[in-house]
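Structure record follows, encoded as structure tokens.
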Amino acid sequence: MSEPDRDVSQGEALDREFLQRDRGLHPPPLTPDYKTSVLRSPHRALISLQSSLSEVTGPVFGHGELGPLDNDLIRNYARDGEPIGERILVHGLVRDENGRGVPHTLVEFWQANAGGRYRHRNDRYLAPIDPNFGGCGRALTDAQGYYYFRTIKPGPYPWRNFLNSWRPAHIHFSVFGSGFAQRLITQMYFEGDPLIWRDPMVLGIPDRAAAERLIAPLDLAAALPLDMLAYRFDIVLRGRQQTLFENKLQGN
Amino acid sequence: MVQPLPDRLRETASQTAGPYVHIGLIPHQAGFDIFETTFSNVLVTPATRGERIRIEGRVFDGADEPVRDVLVEIWQANAAGRYNHPADRQQAKPIDESFRGWGRTGSDFETGIWQFETIKPGPVDGRKGHRPMAPHISLWIAARGINIGLQTRLYFADEADANAADPVLNLIEQRSRRETLLARREERDVPTYVLDIRLQGPQETVFFDV
Ligand SMILES: [Fe+3]
């Protein structure tokens, strides 16, 4: 440490600034084939802000806030047996665009059951609720940014968009990162699902490669023989400005 | 030809939170109980320092209907104006160990109203060379039909002088649009600041690319 922490709040914020978000990687607010976006998409230009302390900081979560079964969807709502469906492991790394693992960050996930039905008061799909499946879980990444959870592979389900619209099987993910400007919600899809490239939410992503990165490959090497298959889903959060100047300031 | 720049990773694409966001993030609102501890819209404990306030509002769509399935998260500094995060080194301001500064909730399925029980934050240092930021709360909004989370800020209408000097409000060229971020104070059982958010229309709220 070269200098004491006097009035360094500015310098700190400055060398932790986020790279500008590349909006070309994300679906724009208005994607008319996803009909609900029509009335819920802002029309005006966003106001661009340089990172201040309000953006480079964000909530910190601790292991004490999570229960031991929070990352085990096979057991965390089991009542009188195990849920029906394909047992799978989902795992991956949370990194930033600089390639650094994002440690100790909260990852939350939710999904339909094997029949494509959500445990939600507003889901009226005719597939049955599974009495032993809640459909949500959460984990903190480890020191390297790694997370994993056990679950049942979700089924595809119909939704009211076009008359014959079906969502590909998917798991919803929510991720924090270390600054509130990194906040992200996304969805993971499964390799080989023929519904993926018919889905307005996937097709709303303007960059084909960015959409492909939402498709988790089968990861046979991580499967547990005679127990469960595995899928790998890596997540990338926004990176930070990296300058020689910054490195000098930090003395490394 | 020039040399290509070294590769960096690209941010994962955003996808809508969908209609069932409650299951994952606020399961009690989906209608079930699963975790021992859940995150909520109450940011304070009896030990938290600062003036107790409620913030409340609705999110309106382009047809002027309240959005009844919206997720709202807030992030704010403590009463002294310091964030509970290692990147905040405003040494002159104390950290309040009993205040994380973050909360989440869903709007009511009938009325579309969302609420938080919190404290009024203090002013936070601005970027180098800029004036302090007026007391404010960062809001992040996700819902079915919203393809990428929306970032905005709540400022307090009764902080007129601080707001007039705020470096972020002053970035908004049209002065009338600044008012879309000002919450008005109402004296109720708890002092309540009300801010309605409009996704479209002449009063469209200012959203930020942070
Ligand atoms: Fe879904």
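Just so we're on the same page: first chain in the structure tokens is A, next is B, and so on; residues restart at 1 for each chain, and ligands are numbered from 1 in the order they show up.
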Per residue of chain B within 9 Å of ligand 1, note the shortest atom pair and the distance in Å to one decimal, counting only C-alpha atoms and all ligand atoms, and order the rows by chain and increasing residue number, as JSON lines.
```
{"residue": "B:Ala17", "atom": "CA", "partner": "ligand 1", "partner_atom_place_in_ligand_line": "1 (Fe)", "distance": 7.8}
{"residue": "B:Gly18", "atom": "CA", "partner": "ligand 1", "partner_atom_place_in_ligand_line": "1 (Fe)", "distance": 5.9}
{"residue": "B:Pro19", "atom": "CA", "partner": "ligand 1", "partner_atom_place_in_ligand_line": "1 (Fe)", "distance": 7.4}
{"residue": "B:Tyr20", "atom": "CA", "partner": "ligand 1", "partner_atom_place_in_ligand_line": "1 (Fe)", "distance": 6.7}
{"residue": "B:Val21", "atom": "CA", "partner": "ligand 1", "partner_atom_place_in_ligand_line": "1 (Fe)", "distance": 8.2}
```
Grab the residues selected above and save them as a PDB file, in the first residue's frame with C-alpha atoms.
```pdb
ATOM      1  CA  ALA B  17     -37.463 -12.466 -15.726  1.00  0.00           C
ATOM      2  CA  GLY B  18     -40.790 -13.830 -16.984  1.00  0.00           C
ATOM      3  CA  PRO B  19     -44.149 -14.035 -15.227  1.00  0.00           C
ATOM      4  CA  TYR B  20     -42.930 -16.417 -12.520  1.00  0.00           C
ATOM      5  CA  VAL B  21     -39.981 -14.394 -11.219  1.00  0.00           C
TER       6      VAL B  21
END
```
Give the strand (DSSP E or B) residues of range 12-171 of chain B, as assigned by DSSP on the backbone, as number ranges by chain.
B: 42, 52-60, 66, 71-76, 102-106, 113-119, 124, 133, 136-142, 150-156
Would you mind exporting N, CA and C atoms of the selected residues as a CSV table (one decimal), in the first residue's frame?
```csv
chain,number,residue,atom,x,y,z
B,42,VAL,N,-38.0,-5.1,3.8
B,42,VAL,CA,-37.7,-4.4,5.0
B,42,VAL,C,-36.2,-4.4,5.2
B,52,ARG,N,-36.7,6.6,9.8
B,52,ARG,CA,-37.5,5.6,9.2
B,52,ARG,C,-38.4,6.2,8.1
B,53,ILE,N,-38.4,5.6,7.0
B,53,ILE,CA,-39.3,6.1,5.9
B,53,ILE,C,-39.8,4.9,5.2
B,54,ARG,N,-40.9,5.1,4.5
B,54,ARG,CA,-41.4,4.1,3.5
B,54,ARG,C,-41.2,4.7,2.1
B,55,ILE,N,-40.8,3.9,1.2
B,55,ILE,CA,-40.9,4.3,-0.2
B,55,ILE,C,-41.9,3.4,-0.9
B,56,GLU,N,-42.7,4.0,-1.8
B,56,GLU,CA,-43.8,3.3,-2.4
B,56,GLU,C,-44.1,3.8,-3.8
B,57,GLY,N,-44.7,3.0,-4.6
B,57,GLY,CA,-45.1,3.5,-5.9
B,57,GLY,C,-45.7,2.4,-6.7
B,58,ARG,N,-45.9,2.7,-8.0
B,58,ARG,CA,-46.4,1.7,-8.9
B,58,ARG,C,-45.6,1.9,-10.2
B,59,VAL,N,-45.6,0.9,-11.0
B,59,VAL,CA,-44.9,1.0,-12.3
B,59,VAL,C,-46.1,0.9,-13.4
B,60,PHE,N,-46.1,1.9,-14.3
B,60,PHE,CA,-47.2,1.9,-15.3
B,60,PHE,C,-46.7,1.5,-16.6
B,66,PRO,N,-51.2,-0.3,-14.2
B,66,PRO,CA,-50.1,-0.7,-13.3
B,66,PRO,C,-49.6,-2.1,-13.7
B,71,LEU,N,-40.8,-6.9,-10.5
B,71,LEU,CA,-39.8,-7.1,-9.4
B,71,LEU,C,-39.1,-5.8,-9.2
B,72,VAL,N,-39.0,-5.3,-8.0
B,72,VAL,CA,-38.2,-4.1,-7.7
B,72,VAL,C,-37.2,-4.4,-6.7
B,73,GLU,N,-35.9,-4.0,-7.0
B,73,GLU,CA,-34.9,-4.1,-6.0
B,73,GLU,C,-34.3,-2.7,-5.8
B,74,ILE,N,-33.9,-2.4,-4.5
B,74,ILE,CA,-33.3,-1.1,-4.2
B,74,ILE,C,-32.0,-1.3,-3.6
B,75,TRP,N,-31.1,-0.3,-3.8
B,75,TRP,CA,-29.8,-0.3,-3.3
B,75,TRP,C,-29.5,1.2,-2.8
B,76,GLN,N,-29.0,1.3,-1.6
B,76,GLN,CA,-28.8,2.7,-1.1
B,76,GLN,C,-27.7,2.8,0.0
B,102,TRP,N,-29.9,-3.0,0.9
B,102,TRP,CA,-30.5,-3.7,-0.3
B,102,TRP,C,-31.8,-4.3,0.1
B,103,GLY,N,-32.8,-4.3,-0.8
B,103,GLY,CA,-34.1,-5.0,-0.5
B,103,GLY,C,-34.7,-5.3,-1.9
B,104,ARG,N,-35.6,-6.2,-1.8
B,104,ARG,CA,-36.4,-6.6,-3.0
B,104,ARG,C,-37.8,-6.9,-2.7
B,105,THR,N,-38.7,-6.6,-3.6
B,105,THR,CA,-40.1,-7.0,-3.5
B,105,THR,C,-40.8,-7.1,-4.8
B,106,GLY,N,-42.0,-7.6,-4.8
B,106,GLY,CA,-42.8,-7.7,-6.0
B,106,GLY,C,-44.0,-6.7,-5.8
B,113,ILE,N,-49.0,-2.0,-6.3
B,113,ILE,CA,-48.2,-1.2,-5.4
B,113,ILE,C,-47.0,-2.0,-4.9
B,114,TRP,N,-45.8,-1.3,-4.9
B,114,TRP,CA,-44.6,-1.9,-4.2
B,114,TRP,C,-44.2,-0.9,-3.1
B,115,GLN,N,-43.6,-1.5,-2.1
B,115,GLN,CA,-43.2,-0.7,-0.9
B,115,GLN,C,-41.9,-1.2,-0.3
B,116,PHE,N,-41.1,-0.3,0.3
B,116,PHE,CA,-40.0,-0.7,1.1
B,116,PHE,C,-40.0,0.1,2.4
B,117,GLU,N,-39.6,-0.6,3.5
B,117,GLU,CA,-39.4,0.0,4.8
B,117,GLU,C,-37.9,0.2,4.9
B,118,THR,N,-37.5,1.5,5.0
B,118,THR,CA,-36.0,1.7,5.0
B,118,THR,C,-35.7,3.0,5.7
B,119,ILE,N,-34.6,3.6,5.5
B,119,ILE,CA,-34.2,4.8,6.2
B,119,ILE,C,-33.8,5.8,5.0
B,124,VAL,N,-24.0,11.2,-0.9
B,124,VAL,CA,-22.8,10.3,-1.2
B,124,VAL,C,-21.8,11.2,-2.0
B,133,MET,N,-23.5,13.7,-4.5
B,133,MET,CA,-24.8,13.3,-5.0
B,133,MET,C,-25.8,13.5,-3.9
B,136,HIS,N,-30.2,9.6,-2.5
B,136,HIS,CA,-31.0,8.9,-3.6
B,136,HIS,C,-30.9,7.4,-3.3
B,137,ILE,N,-31.8,6.7,-3.9
B,137,ILE,CA,-31.9,5.3,-3.9
B,137,ILE,C,-31.9,4.8,-5.3
B,138,SER,N,-31.0,3.8,-5.6
B,138,SER,CA,-31.0,3.2,-6.9
B,138,SER,C,-32.1,2.1,-7.0
B,139,LEU,N,-32.8,2.1,-8.1
B,139,LEU,CA,-33.9,1.1,-8.3
B,139,LEU,C,-33.5,0.2,-9.5
B,140,TRP,N,-33.8,-1.0,-9.4
B,140,TRP,CA,-33.7,-1.9,-10.5
B,140,TRP,C,-35.0,-2.7,-10.7
B,141,ILE,N,-35.4,-2.7,-12.0
B,141,ILE,CA,-36.8,-3.2,-12.2
B,141,ILE,C,-36.7,-4.3,-13.3
B,142,ALA,N,-37.3,-5.4,-13.0
B,142,ALA,CA,-37.4,-6.5,-13.9
B,142,ALA,C,-38.8,-7.1,-13.9
B,150,LEU,N,-34.1,-2.6,-15.8
B,150,LEU,CA,-34.1,-1.1,-16.0
B,150,LEU,C,-33.6,-0.5,-14.7
B,151,GLN,N,-32.6,0.4,-14.9
B,151,GLN,CA,-32.0,1.1,-13.8
B,151,GLN,C,-32.5,2.5,-13.7
B,152,THR,N,-32.9,2.9,-12.5
B,152,THR,CA,-33.3,4.3,-12.3
B,152,THR,C,-33.0,4.7,-10.9
B,153,ARG,N,-33.3,6.0,-10.5
B,153,ARG,CA,-33.0,6.4,-9.2
B,153,ARG,C,-34.2,7.1,-8.6
B,154,LEU,N,-34.4,7.0,-7.3
B,154,LEU,CA,-35.4,7.8,-6.6
B,154,LEU,C,-34.6,8.9,-5.9
B,155,TYR,N,-35.0,10.2,-6.1
B,155,TYR,CA,-34.6,11.3,-5.3
B,155,TYR,C,-35.7,11.8,-4.5
B,156,PHE,N,-35.4,12.6,-3.5
B,156,PHE,CA,-36.4,13.1,-2.5
B,156,PHE,C,-36.8,14.5,-2.9
```
Excluding same-chain residues fewer than 3 positions from range 231-241 of chain A, what lies within 8 Å of it counting only C-alpha atoms, as number ranges by chain?
A: 15-19, 21, 88-98, 177, 182, 184, 188, 190, 214-220, 222; B: 9-12
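For the atom pair formed by CA of Ala114 in chain A and CA of Ala127 in chain A, the distance is 9.3 Å, given to one decimal.
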Take CA of Ser51 in chain A and CA of Gly122 in chain B and report the distance between them in Å, one decimal.
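So the two atoms, CA of Ser51 in chain A and CA of Gly122 in chain B, lie 18.6 Å apart.
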